[in-house]
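Colleague: File follows, structure-v2.txt with compact mmCIF, C-alpha atoms:
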```txt
# COMPACT_ATOMS: atom_id res chain seq x y z
CA MET A 1 40.20 125.87 103.10
CA GLY A 2 42.72 127.45 100.77
CA VAL A 3 43.60 131.12 100.34
CA ALA A 4 44.07 132.79 96.97
CA GLY A 5 47.76 132.61 95.95
CA THR A 6 48.65 129.72 98.27
CA PRO A 7 49.40 126.19 96.97
CA GLY A 8 46.47 124.23 98.37
CA PRO A 9 44.97 124.35 101.87
CA VAL A 10 46.73 126.50 104.46
CA MET A 11 48.87 124.33 106.75
CA ASP A 12 48.21 124.37 110.49
CA ARG A 13 50.95 124.79 113.08
CA ASP A 14 51.54 121.06 113.53
CA GLU A 15 51.77 120.50 109.78
CA VAL A 16 54.28 123.35 109.48
CA ASP A 17 56.40 122.01 112.32
CA ARG A 18 56.40 118.49 110.85
CA ALA A 19 57.30 119.82 107.39
CA LEU A 20 60.17 121.90 108.83
CA ALA A 21 61.48 118.87 110.74
CA ARG A 22 61.36 116.69 107.60
CA LEU A 23 63.01 119.36 105.46
CA GLY A 24 65.69 119.82 108.12
CA ALA A 25 66.48 116.11 108.06
CA GLU A 26 66.60 116.18 104.24
CA HIS A 27 68.88 119.23 104.41
CA LYS A 28 71.30 117.36 106.69
CA ALA A 29 71.28 114.27 104.43
CA ILE A 30 71.87 116.37 101.30
CA GLU A 31 74.69 118.29 102.95
CA ASP A 32 76.38 115.08 104.10
CA SER A 33 76.06 113.59 100.62
CA LEU A 34 77.50 116.68 98.93
CA LEU A 35 80.41 116.83 101.37
CA ALA A 36 81.06 113.11 100.81
CA LEU A 37 81.05 113.69 97.05
CA GLN A 38 83.41 116.61 97.53
CA ASP A 39 85.82 114.39 99.51
CA HIS A 40 85.44 111.30 97.30
CA ALA A 41 88.81 109.93 96.20
CA GLY A 42 87.53 109.48 92.67
CA ARG A 43 86.55 113.16 92.41
CA ARG A 44 89.97 114.28 93.67
CA LEU A 45 91.64 112.02 91.11
CA LEU A 46 89.43 113.38 88.33
CA GLU A 47 90.33 116.95 89.29
CA GLY A 48 94.06 116.23 89.11
CA ALA A 49 94.13 113.96 86.05
CA GLU A 50 94.88 114.85 82.44
CA LEU A 51 91.73 113.39 80.95
CA THR A 52 90.88 112.51 77.37
CA GLY A 53 87.95 111.21 75.34
CA THR A 54 84.66 110.32 76.96
CA THR A 55 85.92 110.87 80.49
CA ARG A 56 87.09 114.43 79.75
CA ASP A 57 83.75 115.37 78.21
CA ARG A 58 81.71 113.83 81.01
CA TRP A 59 83.90 115.29 83.74
CA GLN A 60 83.55 118.81 82.31
CA SER A 61 79.78 118.34 82.40
CA THR A 62 79.90 116.79 85.88
CA GLU A 63 81.98 119.66 87.26
CA ARG A 64 79.31 122.10 86.09
CA THR A 65 76.65 119.85 87.61
CA ILE A 66 78.42 119.73 90.99
CA THR A 67 78.72 123.54 90.97
CA LEU A 68 75.03 123.79 90.20
CA LEU A 69 74.27 121.33 92.98
CA TRP A 70 75.94 123.63 95.53
CA THR A 71 74.04 126.57 94.07
CA TYR A 72 70.77 124.67 94.50
CA PHE A 73 71.77 123.61 98.00
CA GLU A 74 72.54 127.19 99.02
CA ALA A 75 69.14 128.29 97.70
CA TYR A 76 67.50 125.37 99.54
CA THR A 77 69.36 126.31 102.73
CA GLY A 78 68.32 129.95 102.49
CA ALA A 79 64.68 129.03 101.90
CA LEU A 80 64.66 126.57 104.81
CA TYR A 81 66.32 129.01 107.21
CA GLY A 82 63.89 131.77 106.13
CA ALA A 83 60.93 129.49 106.84
CA ARG A 84 62.39 128.59 110.23
CA GLU A 85 62.89 132.25 111.14
CA LEU A 86 59.31 133.04 110.16
CA ARG A 87 58.03 130.16 112.28
CA ALA A 88 60.20 131.21 115.23
CA ARG A 89 58.74 134.75 115.41
CA ARG A 90 55.77 133.60 117.46
CA ARG A 91 55.09 130.54 119.51
CA TRP A 92 51.56 130.54 118.18
CA ALA A 93 51.76 131.45 114.52
CA SER A 94 49.10 133.80 113.20
CA ARG A 95 46.87 133.11 110.21
CA GLU A 96 49.00 135.38 108.05
CA ASP A 97 52.16 133.56 109.17
CA LEU A 98 50.63 130.18 108.33
CA VAL A 99 49.58 131.40 104.88
CA GLU A 100 53.15 132.62 104.17
CA LEU A 101 54.69 129.44 105.61
CA THR A 102 52.39 127.33 103.43
CA ASP A 103 53.53 129.28 100.38
CA ARG A 104 57.19 128.92 101.36
CA LEU A 105 56.98 125.23 102.19
CA ARG A 106 54.70 124.07 99.36
CA GLY A 107 54.80 126.74 96.67
CA GLU A 108 57.46 127.60 94.13
CA SER A 109 59.09 129.97 96.55
CA VAL A 110 62.75 129.17 95.87
CA HIS A 111 64.36 131.35 93.23
CA VAL A 112 67.68 130.15 91.78
CA ALA A 113 69.64 132.59 89.67
CA GLY A 114 71.40 130.30 87.18
CA GLY A 115 73.52 132.64 85.09
CA ALA A 116 76.78 131.10 83.97
CA GLN A 117 76.47 128.35 86.57
CA ALA A 118 73.49 126.70 84.89
CA PRO A 119 73.94 124.45 81.87
CA ALA A 120 73.64 126.61 78.74
CA ALA A 121 71.90 124.02 76.58
CA PRO A 122 68.52 125.11 75.17
CA THR A 123 65.36 123.25 76.17
CA LEU A 124 62.59 121.84 73.99
CA THR A 125 60.47 124.89 74.70
CA GLY A 126 63.08 127.55 73.94
CA PRO A 127 66.43 128.97 75.01
CA ALA A 128 68.05 128.03 78.31
CA ARG A 129 66.67 129.96 81.26
CA LEU A 130 68.98 132.16 83.34
CA SER A 131 66.90 131.58 86.50
CA GLU A 132 64.56 128.94 87.84
CA ARG A 133 61.83 128.72 90.46
CA PHE A 134 61.26 125.58 92.52
CA SER A 135 59.17 124.32 95.36
CA LEU A 136 61.32 122.87 98.14
CA GLU A 137 60.07 119.39 97.28
CA ARG A 138 60.87 119.73 93.57
CA LEU A 139 64.26 121.27 94.38
CA VAL A 140 65.12 118.23 96.51
CA ALA A 141 64.11 115.92 93.68
CA ARG A 142 66.22 117.94 91.23
CA MET A 143 69.24 117.82 93.55
CA ASN A 144 68.82 114.05 93.98
CA GLU A 145 68.76 113.62 90.21
CA LEU A 146 71.90 115.71 89.65
CA TYR A 147 73.67 114.10 92.59
CA ALA A 148 72.99 110.59 91.25
CA SER A 149 74.42 111.41 87.81
CA SER A 150 77.47 113.12 89.34
CA LEU A 151 78.10 110.28 91.77
CA ASP A 152 77.74 107.73 88.97
CA MET A 153 80.48 109.43 86.96
CA VAL A 154 82.82 109.71 89.97
CA VAL A 155 82.19 106.17 91.22
CA THR A 156 82.60 104.70 87.73
CA ALA A 157 85.95 106.37 87.12
CA ASP A 158 87.15 105.43 90.61
CA ALA A 159 86.09 101.80 90.12
CA VAL A 160 88.10 101.52 86.89
CA TRP A 161 91.11 103.22 88.44
CA SER A 162 90.89 100.96 91.47
CA ALA A 163 90.66 97.79 89.41
CA LEU A 164 92.72 98.06 86.24
CA PRO A 165 95.98 100.02 86.77
CA ALA A 166 97.07 97.87 89.72
CA ARG A 167 96.33 94.68 87.78
CA ILE A 168 98.16 96.04 84.76
CA ASP A 169 101.18 96.86 86.94
CA LEU A 170 101.21 93.33 88.39
CA LEU A 171 100.98 91.87 84.90
CA ALA A 172 103.77 94.17 83.73
CA ALA A 173 105.96 92.91 86.59
CA GLU A 174 105.21 89.31 85.58
CA LEU A 175 106.00 90.30 81.99
CA GLY A 176 109.40 91.60 83.10
CA ARG A 177 110.21 88.33 84.88
CA THR A 178 109.10 86.31 81.86
CA ARG A 179 111.20 88.46 79.53
CA SER A 180 114.30 87.86 81.68
CA LEU A 181 113.70 84.10 81.60
CA ALA A 182 113.09 84.27 77.87
CA HIS A 183 116.38 86.05 77.26
CA SER A 184 118.22 83.45 79.36
CA VAL A 185 117.09 80.66 77.01
CA GLY A 186 117.58 82.59 73.79
CA VAL A 187 113.99 83.74 73.21
CA ARG A 188 114.61 87.28 71.96
CA PRO A 189 112.82 89.70 69.62
CA GLY A 190 113.77 89.12 66.01
CA GLU A 191 115.05 85.63 66.80
CA HIS A 192 111.96 83.84 68.08
CA PRO A 193 108.19 84.45 67.61
CA SER A 194 107.62 84.45 71.37
CA GLY A 195 110.26 87.16 71.77
CA ASP A 196 108.35 89.31 69.27
CA GLU A 197 105.08 88.58 71.07
CA LEU A 198 106.58 89.64 74.40
CA GLU A 199 107.43 92.99 72.83
CA SER A 200 103.89 93.25 71.49
CA ILE A 201 102.41 92.53 74.93
CA THR A 202 104.73 95.13 76.48
CA ALA A 203 103.52 97.78 74.02
CA GLU A 204 99.88 96.78 74.60
CA LEU A 205 100.16 97.03 78.39
CA THR A 206 101.88 100.42 78.16
CA ALA A 207 99.17 101.76 75.87
CA LEU A 208 96.39 100.17 77.94
CA ARG A 209 97.62 101.70 81.20
CA SER A 210 97.90 105.15 79.64
CA GLN A 211 94.38 104.94 78.20
CA VAL A 212 92.91 103.64 81.47
CA ILE A 213 94.48 106.53 83.41
CA THR A 214 93.34 109.25 81.01
CA ASP A 215 89.96 107.83 79.91
CA PRO A 216 88.65 105.37 82.52
CA LEU A 217 85.03 105.62 81.33
CA ALA A 218 86.08 103.99 78.05
CA PHE A 219 86.72 100.84 80.11
CA TRP A 220 83.35 100.57 81.82
CA ARG A 221 80.47 98.20 81.10
CA PRO A 222 77.21 99.49 82.58
CA ALA A 223 74.91 96.89 84.07
CA SER A 224 71.80 96.49 81.95
CA GLY A 225 68.69 97.65 83.74
CA SER A 226 70.60 99.15 86.69
CA SER A 227 69.89 102.75 87.71
CA ALA A 228 72.13 102.79 90.80
CA PRO A 229 75.26 105.00 90.60
CA GLY A 230 78.24 102.89 89.56
CA GLY A 231 76.10 99.98 88.36
CA GLY A 232 78.32 97.86 86.15
CA ARG A 233 81.90 96.61 86.07
CA PRO A 234 85.28 97.50 84.56
CA ASP A 235 85.87 96.21 81.03
CA THR A 236 88.91 93.93 81.35
CA GLU A 237 88.77 92.33 77.88
CA ARG A 238 92.06 93.81 76.64
CA TYR A 239 93.79 93.10 79.93
CA ASP A 240 92.51 89.52 79.96
CA ARG A 241 93.67 88.96 76.39
CA ALA A 242 97.18 90.20 77.24
CA ALA A 243 97.23 88.05 80.39
CA ARG A 244 96.27 84.93 78.43
CA ALA A 245 98.93 85.63 75.79
CA LEU A 246 101.58 86.11 78.50
CA GLU A 247 100.51 82.90 80.23
CA ASP A 248 100.90 80.97 76.96
CA ILE A 249 104.40 82.37 76.49
CA ARG A 250 105.30 81.70 80.12
CA ARG A 251 104.34 78.05 79.73
CA GLU A 252 106.41 77.87 76.57
CA ILE A 253 109.42 79.41 78.36
CA GLU A 254 109.00 76.97 81.23
CA ALA A 255 108.99 74.13 78.72
CA VAL A 256 112.21 75.48 77.24
CA LEU A 257 113.74 75.73 80.73
CA ALA A 258 112.72 72.13 81.35
CA VAL A 259 114.47 71.21 78.11
CA ARG A 260 117.65 72.83 79.38
CA GLN A 261 117.47 70.72 82.52
CA ASP A 262 116.68 67.31 81.01
CA SER A 263 117.84 67.64 77.40
CA GLU A 264 120.79 65.25 77.84
CA GLU A 265 118.57 62.50 79.25
CA ARG A 266 115.99 63.01 76.49
CA LEU A 267 118.67 62.87 73.80
CA LEU A 268 119.96 59.59 75.27
CA ARG A 269 116.44 58.15 75.25
CA LEU A 270 115.99 59.24 71.64
CA ARG A 271 119.25 57.57 70.63
CA ASP A 272 118.13 54.38 72.38
CA VAL A 273 114.73 54.38 70.65
CA LEU A 274 116.26 54.96 67.22
CA SER A 275 118.89 52.29 67.91
CA ARG A 276 116.16 49.80 68.79
CA ALA A 277 114.29 50.73 65.63
CA ASP A 278 117.47 50.22 63.60
CA ARG A 279 118.14 46.82 65.20
CA THR A 280 114.53 45.77 64.63
CA LEU A 281 114.76 46.70 60.95
CA ALA A 282 118.06 44.81 60.66
CA GLU A 283 116.38 41.77 62.23
CA ALA A 284 113.49 42.16 59.78
CA ARG A 285 115.89 42.23 56.83
CA VAL A 286 117.61 39.01 58.04
CA ALA A 287 114.21 37.40 58.64
CA ARG A 288 113.08 38.38 55.17
CA GLY A 289 116.03 36.58 53.65
CA GLU A 290 115.24 33.51 55.76
CA VAL A 291 111.58 33.60 54.72
CA LEU A 292 112.46 33.91 51.03
CA ALA A 293 114.78 30.91 51.38
CA LYS A 294 112.46 28.69 53.45
CA ILE A 295 108.91 29.64 52.41
CA ALA A 296 107.68 29.21 48.83
CA ALA A 297 104.88 31.05 47.07
CA SER A 298 104.61 33.71 49.79
CA GLU A 299 104.32 37.50 49.51
CA VAL A 300 107.08 38.95 51.72
CA PRO A 301 107.00 42.77 52.13
CA ALA A 302 110.16 44.78 51.58
CA VAL A 303 112.03 46.20 54.59
CA SER A 304 113.08 49.87 54.57
CA GLY A 305 116.50 51.09 55.47
CA PRO A 306 117.56 52.75 58.76
CA PRO A 307 115.89 56.10 59.64
CA THR A 308 118.71 58.34 58.39
CA VAL A 309 116.59 61.51 58.36
CA LEU A 310 115.78 61.11 62.06
CA GLN A 311 119.44 60.46 62.80
CA GLU A 312 120.34 63.70 61.04
CA ARG A 313 117.72 65.63 63.01
CA LEU A 314 119.00 64.03 66.20
CA ALA A 315 122.47 65.30 65.33
CA THR A 316 120.97 68.76 64.81
CA ALA A 317 119.35 68.55 68.27
CA ALA A 318 122.73 67.69 69.80
CA GLU A 319 124.19 70.78 68.08
CA TYR A 320 121.43 72.96 69.51
CA ARG A 321 122.22 71.65 72.97
CA ARG A 322 125.95 72.28 72.59
CA HIS A 323 125.28 75.89 71.58
CA ALA A 324 122.57 76.42 74.26
CA GLN A 325 119.90 77.15 71.65
CA TRP A 326 117.17 75.90 73.98
CA HIS A 327 114.30 77.67 72.20
CA ARG A 328 115.13 75.71 69.05
CA LEU A 329 115.91 72.48 70.86
CA SER A 330 112.56 72.37 72.70
CA PRO A 331 110.20 71.98 69.70
CA LEU A 332 112.72 69.74 67.88
CA LEU A 333 112.91 67.31 70.81
CA GLU A 334 109.12 67.18 71.10
CA SER A 335 108.67 66.26 67.44
CA LEU A 336 111.63 63.83 67.47
CA GLU A 337 110.20 61.96 70.46
CA VAL A 338 106.92 61.40 68.65
CA GLU A 339 108.55 60.46 65.35
CA ALA A 340 111.12 58.14 66.99
CA GLU A 341 108.34 56.19 68.74
CA ASP A 342 106.47 56.01 65.44
CA GLU A 343 109.63 54.71 63.74
CA LEU A 344 110.08 52.01 66.38
CA GLN A 345 106.46 50.90 66.01
CA ARG A 346 106.86 50.84 62.22
CA ALA A 347 110.01 48.69 62.53
CA ARG A 348 108.21 46.25 64.83
CA ALA A 349 105.27 46.09 62.43
CA SER A 350 107.68 45.42 59.57
CA LEU A 351 109.33 42.57 61.49
CA THR A 352 105.92 41.09 62.31
CA ALA A 353 104.80 41.29 58.67
CA VAL A 354 108.04 39.75 57.40
CA THR A 355 108.03 36.86 59.85
CA ALA A 356 104.32 36.10 59.47
CA PRO A 357 104.97 33.12 57.13
CA LEU A 358 107.43 31.62 59.64
CA ALA A 359 104.81 32.09 62.36
CA VAL A 360 102.25 30.28 60.20
CA ARG A 361 104.70 27.42 59.59
CA ALA A 362 105.48 27.20 63.30
CA GLU A 363 101.77 27.10 64.11
CA LEU A 364 101.24 24.26 61.59
CA ARG A 365 104.20 22.34 63.00
CA GLY A 366 102.86 22.72 66.51
CA ARG A 367 99.41 21.60 65.47
CA LEU A 368 100.81 18.52 63.68
CA ASP A 369 102.88 17.47 66.69
CA ALA A 370 99.95 18.05 69.07
CA TYR A 371 97.72 15.69 67.07
CA LYS A 372 100.51 13.10 66.88
CA ALA A 373 100.90 13.19 70.66
CA LYS A 374 97.15 12.75 71.06
CA VAL A 375 97.15 9.74 68.73
CA ALA A 376 100.05 8.14 70.64
CA ARG A 377 98.28 8.77 73.97
CA LEU A 378 95.18 6.98 72.70
CA GLY A 379 97.14 4.02 71.27
CA ALA A 380 96.68 4.64 67.55
CA ALA A 381 100.28 5.51 66.73
CA GLU A 382 100.69 2.40 64.55
CA ASP A 383 97.73 3.12 62.31
CA PRO A 384 99.11 2.96 58.72
CA LEU A 385 96.88 5.79 57.41
CA LEU A 386 97.90 8.11 60.20
CA ILE A 387 101.60 7.28 59.75
CA GLU A 388 101.35 7.94 56.02
CA ARG A 389 99.57 11.28 56.38
CA TYR A 390 101.79 12.42 59.23
CA ASP A 391 104.93 11.71 57.21
CA ALA A 392 103.52 13.61 54.22
CA ALA A 393 102.68 16.64 56.36
CA ARG A 394 106.05 16.55 58.13
CA ARG A 395 107.97 16.41 54.85
CA MET A 396 106.09 19.47 53.63
CA LEU A 397 106.64 21.47 56.85
CA TRP A 398 110.32 20.55 57.31
CA SER A 399 111.36 20.95 53.68
CA ALA A 400 112.78 24.14 52.14
CA PRO A 401 111.27 26.02 50.51
CA CYS A 402 107.97 25.17 52.19
CA ASP A 403 104.75 25.77 50.32
CA LEU A 404 102.48 26.91 53.17
CA ARG A 405 99.24 26.46 51.26
CA VAL A 406 100.07 22.83 50.39
CA ALA A 407 101.48 22.18 53.88
CA GLU A 408 98.28 23.45 55.47
CA GLN A 409 96.24 21.07 53.32
CA THR A 410 98.39 18.08 54.35
CA VAL A 411 97.98 18.99 58.00
CA LEU A 412 94.22 19.25 57.54
CA ARG A 413 94.16 15.81 55.88
CA TYR A 414 96.10 14.37 58.81
CA GLN A 415 93.60 15.95 61.22
CA GLN A 416 90.71 14.45 59.29
CA ALA A 417 92.33 11.01 59.32
CA VAL A 418 92.87 11.27 63.08
CA ALA A 419 89.22 12.18 63.54
CA GLU A 420 88.10 9.19 61.46
CA VAL A 421 90.37 6.73 63.29
CA LEU A 422 89.42 8.07 66.71
CA SER A 423 85.71 7.79 65.92
CA GLY A 424 86.10 3.98 65.26
CA PRO A 425 84.57 1.40 67.57
CA ARG A 426 87.52 0.60 69.90
CA ASP A 427 91.25 0.27 69.81
CA VAL A 428 93.18 -2.93 70.55
CA ARG A 429 93.09 -2.10 74.31
CA GLY A 430 89.30 -1.72 74.27
CA ASN A 431 89.31 2.07 74.66
CA GLN A 432 86.63 4.19 72.97
CA TRP A 433 88.16 6.45 70.25
```
Would it be possible to restate this file's structure as structure tokens?
Modeller:
Amino acid sequence: MGVAGTPGPVMDRDEVDRALARLGAEHKAIEDSLLALQDHAGRRLLEGAELTGTTRDRWQSTERTITLLWTYFEAYTGALYGARELRARRRWASREDLVELTDRLRGESVHVAGGAQAPAAPTLTGPARLSERFSLERLVARMNELYASSLDMVVTADAVWSALPARIDLLAAELGRTRSLAHSVGVRPGEHPSGDELESITAELTALRSQVITDPLAFWRPASGSSAPGGGRPDTERYDRAARALEDIRREIEAVLAVRQDSEERLLRLRDVLSRADRTLAEARVARGEVLAKIAASEVPAVSGPPTVLQERLATAAEYRRHAQWHRLSPLLESLEVEAEDELQRARASLTAVTAPLAVRAELRGRLDAYKAKVARLGAAEDPLLIERYDAARRMLWSAPCDLRVAEQTVLRYQQAVAEVLSGPRDVRGNQW
């Protein structure tokens, strides 16, 4: 049963020995953790860094917390060693010894003088206390709480410093290589948008690295629902945005470099495409004159002139190449290649539209001759009706100008006559029509 002034029932010798063994193991674990925190690379970096913003404020608080942790640990150590000494006085502890050991091991027997070491913030119940009393169990819980918050701050800062500055430096090196390539092809600040953007990325990376070094906690995204120290990940949004912008410029520079290597061949291909378009339009103009002379009552579309604007832009591209203005030549060649192909397709479409009446006449001529050959093969070539209608259709199709609508009607009448003759009973040789 309990004794007045003791926290609960008086512990027996076995309970005391087990409690001392457990507290000793906890003491060793706490000491190892505090020493590891003391030696943590992140803590050493925080001590030596010129901090700003959120990181500076939190580190000032964390430094006070770490100092308080050691104060608590020293009090915990003294209380544990005192309890051990009391237990070691006698092999068989007396009743009085067990009562005192119970009070030391379970009661609020640890007195911690806070003073300037304790946080000075007031509590909900009044001003901040200059000293505190703890049971060993509650003191361990308090140390675990403070250790977790301190470790979280140290681990978080170290994680950002481990992840971002090195990546920023690698990106800055890539930026330097890209800038050198850009200068070699004429992409410079004030002369080309990509040159200005390279300067903007350079300024952003410089500012980003400085901010990451001085305020790493500003670049941390805590994991939702995680209570473990360091739960979360570095915020790389600004770095990623700069990396994407640099990659876009790098691809553009590579395209410009490719232009420098194959610009002569591409210019030759462009000249060939535009020459073919010009020849096709010339052929369409000749064909249009032929159609107007040979085909009557037909709508013949007009044919445009040669693509002079594209020729002028092609001459400009050649000038860019001569003066090594690759950054200007690259986009001009890309647009010219598309427009030149469009011009060639337009010329071909114009030729097709212009010669459509001639194609219709040729189709009618072919159809007329095919039916005549069929009639001859079946022995009806001497039929007077067929001869008359064939001659009428042929005169229409081989006269100039040819009225296609009338010619088509004469061919249809010839076809109808052939069908009527061939559906007769039998020819002179006895064959079925």
Colleague: Measure the distance from CA of Pro229 in chain A to CA of Met153 in chain A in Å and round it to one decimal.
Modeller: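 Spanning CA of Pro229 in chain A to CA of Met153 in chain A is a straight-line distance of 7.8 Å.
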Colleague: Take CA of Ala19 in chain A and CA of Trp92 in chain A and report the distance between them in Å, one decimal.
Modeller: 16.3 Å
Colleague: When distances are computed from all atoms listed in the file, which of A:Asp97, A:Glu319, A:Glu265, A:Asp152 shows the smallest separation from Pro222 in chain A?
Modeller: A:Asp152
Colleague: Grab the CA of Leu51 in chain A to CA of Ile30 in chain A distance for me, in Å with one decimal place.
Modeller: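 Atom-to-atom, CA of Leu51 in chain A and CA of Ile30 in chain A are spaced 28.6 Å apart.
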Colleague: Up to 8 Å from (96.3, 11.8, 59.2) in the file's coordinates: name the residues, counting only C-alpha atoms, as a PyMOL selection string.
Modeller: chain A and resi 385-390+411-418
Colleague: With distances taken over all atoms listed in the file, which of A:Val140, A:Glu337, A:Trp161, A:Gly42 is nearest to Arg269 in chain A?
Modeller: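 Nearest candidate to Arg269 in chain A out of A:Val140, A:Glu337, A:Trp161, A:Gly42: A:Glu337.
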Colleague: Residues at most 12 Å from Arg238 in chain A, counting only C-alpha atoms, excluding those fewer than 6 positions away in the same chain, as a PDB file with C-alpha atoms, in the coordinates of the input?
Modeller:
```pdb
ATOM      1  CA  LEU A 164      92.720  98.060  86.240  1.00  0.00           C
ATOM      2  CA  ARG A 167      96.330  94.680  87.780  1.00  0.00           C
ATOM      3  CA  ILE A 168      98.160  96.040  84.760  1.00  0.00           C
ATOM      4  CA  ILE A 201     102.410  92.530  74.930  1.00  0.00           C
ATOM      5  CA  GLU A 204      99.880  96.780  74.600  1.00  0.00           C
ATOM      6  CA  LEU A 205     100.160  97.030  78.390  1.00  0.00           C
ATOM      7  CA  THR A 206     101.880 100.420  78.160  1.00  0.00           C
ATOM      8  CA  ALA A 207      99.170 101.760  75.870  1.00  0.00           C
ATOM      9  CA  LEU A 208      96.390 100.170  77.940  1.00  0.00           C
ATOM     10  CA  ARG A 209      97.620 101.700  81.200  1.00  0.00           C
ATOM     11  CA  GLN A 211      94.380 104.940  78.200  1.00  0.00           C
ATOM     12  CA  VAL A 212      92.910 103.640  81.470  1.00  0.00           C
ATOM     13  CA  ALA A 218      86.080 103.990  78.050  1.00  0.00           C
ATOM     14  CA  PHE A 219      86.720 100.840  80.110  1.00  0.00           C
ATOM     15  CA  ARG A 244      96.270  84.930  78.430  1.00  0.00           C
ATOM     16  CA  ALA A 245      98.930  85.630  75.790  1.00  0.00           C
TER      17      ALA A 245
END
```
Colleague: Report as a list in words all protein, DNA and RNA residues lying within 12 Å of Asp369 in chain A, evaluated on only C-alpha atoms, omitting residues in the same chain fewer than 3 positions from it.
Modeller: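 So, after excluding close chain neighbours, the residues are Ala362, Glu363, Leu364, Arg365, Gly366, Lys372, Ala373, Lys374, Val375, Ala376, Tyr390, Asp391, Ala393, Arg394, Leu397, Val411, Tyr414 and Gln415 of chain A.
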Colleague: Need to verify the contact set: Ala21 in chain A, 12 Å, all atoms listed in the file, exclusion of same-chain residues closer than 3 positions in sequence. Can you return it as a list in words?
Modeller: Asp14, Glu15, Val16, Asp17, Arg18, Gly24, Ala25, Glu26, His27, Lys28, Leu80, Tyr81, Ala83, Arg84, Arg87 and Leu105 of chain A
Colleague: Which polymer residues have any atom within 8 Å of an atom of Arg221 in chain A, counting all atoms listed in the file, with same-chain residues fewer than 2 positions away left out, as a ChimeraX atom specification?
Modeller: /A:219,223,232-235
Colleague: Name the residues in contact with Gln311 in chain A at a cut-off of 12 Å, using all atoms listed in the file, excluding same-chain residues fewer than 6 positions from it; report them as a list in words.
Modeller: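 Selected residues are Leu267, Leu270, Arg271, Asp272, Val273, Leu274, Ser275, Ala277, Asp278, Ala317, Ala318, Leu336, Glu339, Ala340 and Glu343 of chain A.
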Colleague: Nearest to Leu35 in chain A among A:Thr77, A:Tyr147, A:Leu257, A:Arg56, with distances taken over all atoms listed in the file: which residue is it?
Modeller: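 Selected residue with least distance to Leu35 in chain A: A:Tyr147.
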Colleague: Kindly indicate which residue among A:Thr202, A:Gln325, A:Gln409, A:Gln345 lies nearest to Ala243 in chain A, using all atoms listed in the file for the distances.
Modeller: A:Thr202
Colleague: Pick from A:Ser350, A:Thr355, A:Thr71, A:Thr178: nearest to Arg279 in chain A, with all atoms listed in the file counted?
Modeller: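 That would be A:Ser350, the residue with the smallest distance to Arg279 in chain A.
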Colleague: With all atoms of range 181-194 of chain A from the file as input, state the centre and edge lengths in Å to one decimal of the axis-aligned box that has 8 Å extra on each side, as AutoDock Vina command-line options.
Modeller:
```
--center_x 112.9 --center_y 85.2 --center_z 73.8 --size_x 26.6 --size_y 25.0 --size_z 31.6
```
Colleague: Distance cut-off 7 Å, centre (110.0, 77.3, 75.0) in file coordinates, counting all atoms listed in the file: which residues qualify? Return them as a ChimeraX atom specification.
Modeller: /A:252-256,327,330
Colleague: For Ala381 in chain A, which of A:Val259, A:Ala293, A:Leu329, A:Val421 is the closest residue, counting all atoms listed in the file?
Modeller: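 Going through A:Val259, A:Ala293, A:Leu329, A:Val421 one by one, the smallest distance to Ala381 in chain A is for A:Val421.
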Colleague: Can I get C-alpha atoms for range 375-386 of chain A, as an mmCIF file, in the first residue's frame?
Modeller:
```cif
data_model
loop_
_atom_site.group_PDB
_atom_site.id
_atom_site.type_symbol
_atom_site.label_atom_id
_atom_site.label_comp_id
_atom_site.auth_asym_id
_atom_site.auth_seq_id
_atom_site.Cartn_x
_atom_site.Cartn_y
_atom_site.Cartn_z
ATOM 1 C CA VAL A 375 -19.228 -1.785 -132.425
ATOM 2 C CA ALA A 376 -16.558 -2.828 -134.949
ATOM 3 C CA ARG A 377 -15.696 -5.906 -132.860
ATOM 4 C CA LEU A 378 -19.334 -6.985 -132.883
ATOM 5 C CA GLY A 379 -19.767 -6.387 -136.635
ATOM 6 C CA ALA A 380 -22.061 -3.360 -136.572
ATOM 7 C CA ALA A 381 -19.596 -0.823 -137.962
ATOM 8 C CA GLU A 382 -21.657 -0.341 -141.143
ATOM 9 C CA ASP A 383 -24.879 0.536 -139.358
ATOM 10 C CA PRO A 384 -26.015 3.881 -140.905
ATOM 11 C CA LEU A 385 -27.415 5.268 -137.619
ATOM 12 C CA LEU A 386 -24.222 4.530 -135.753
#
```
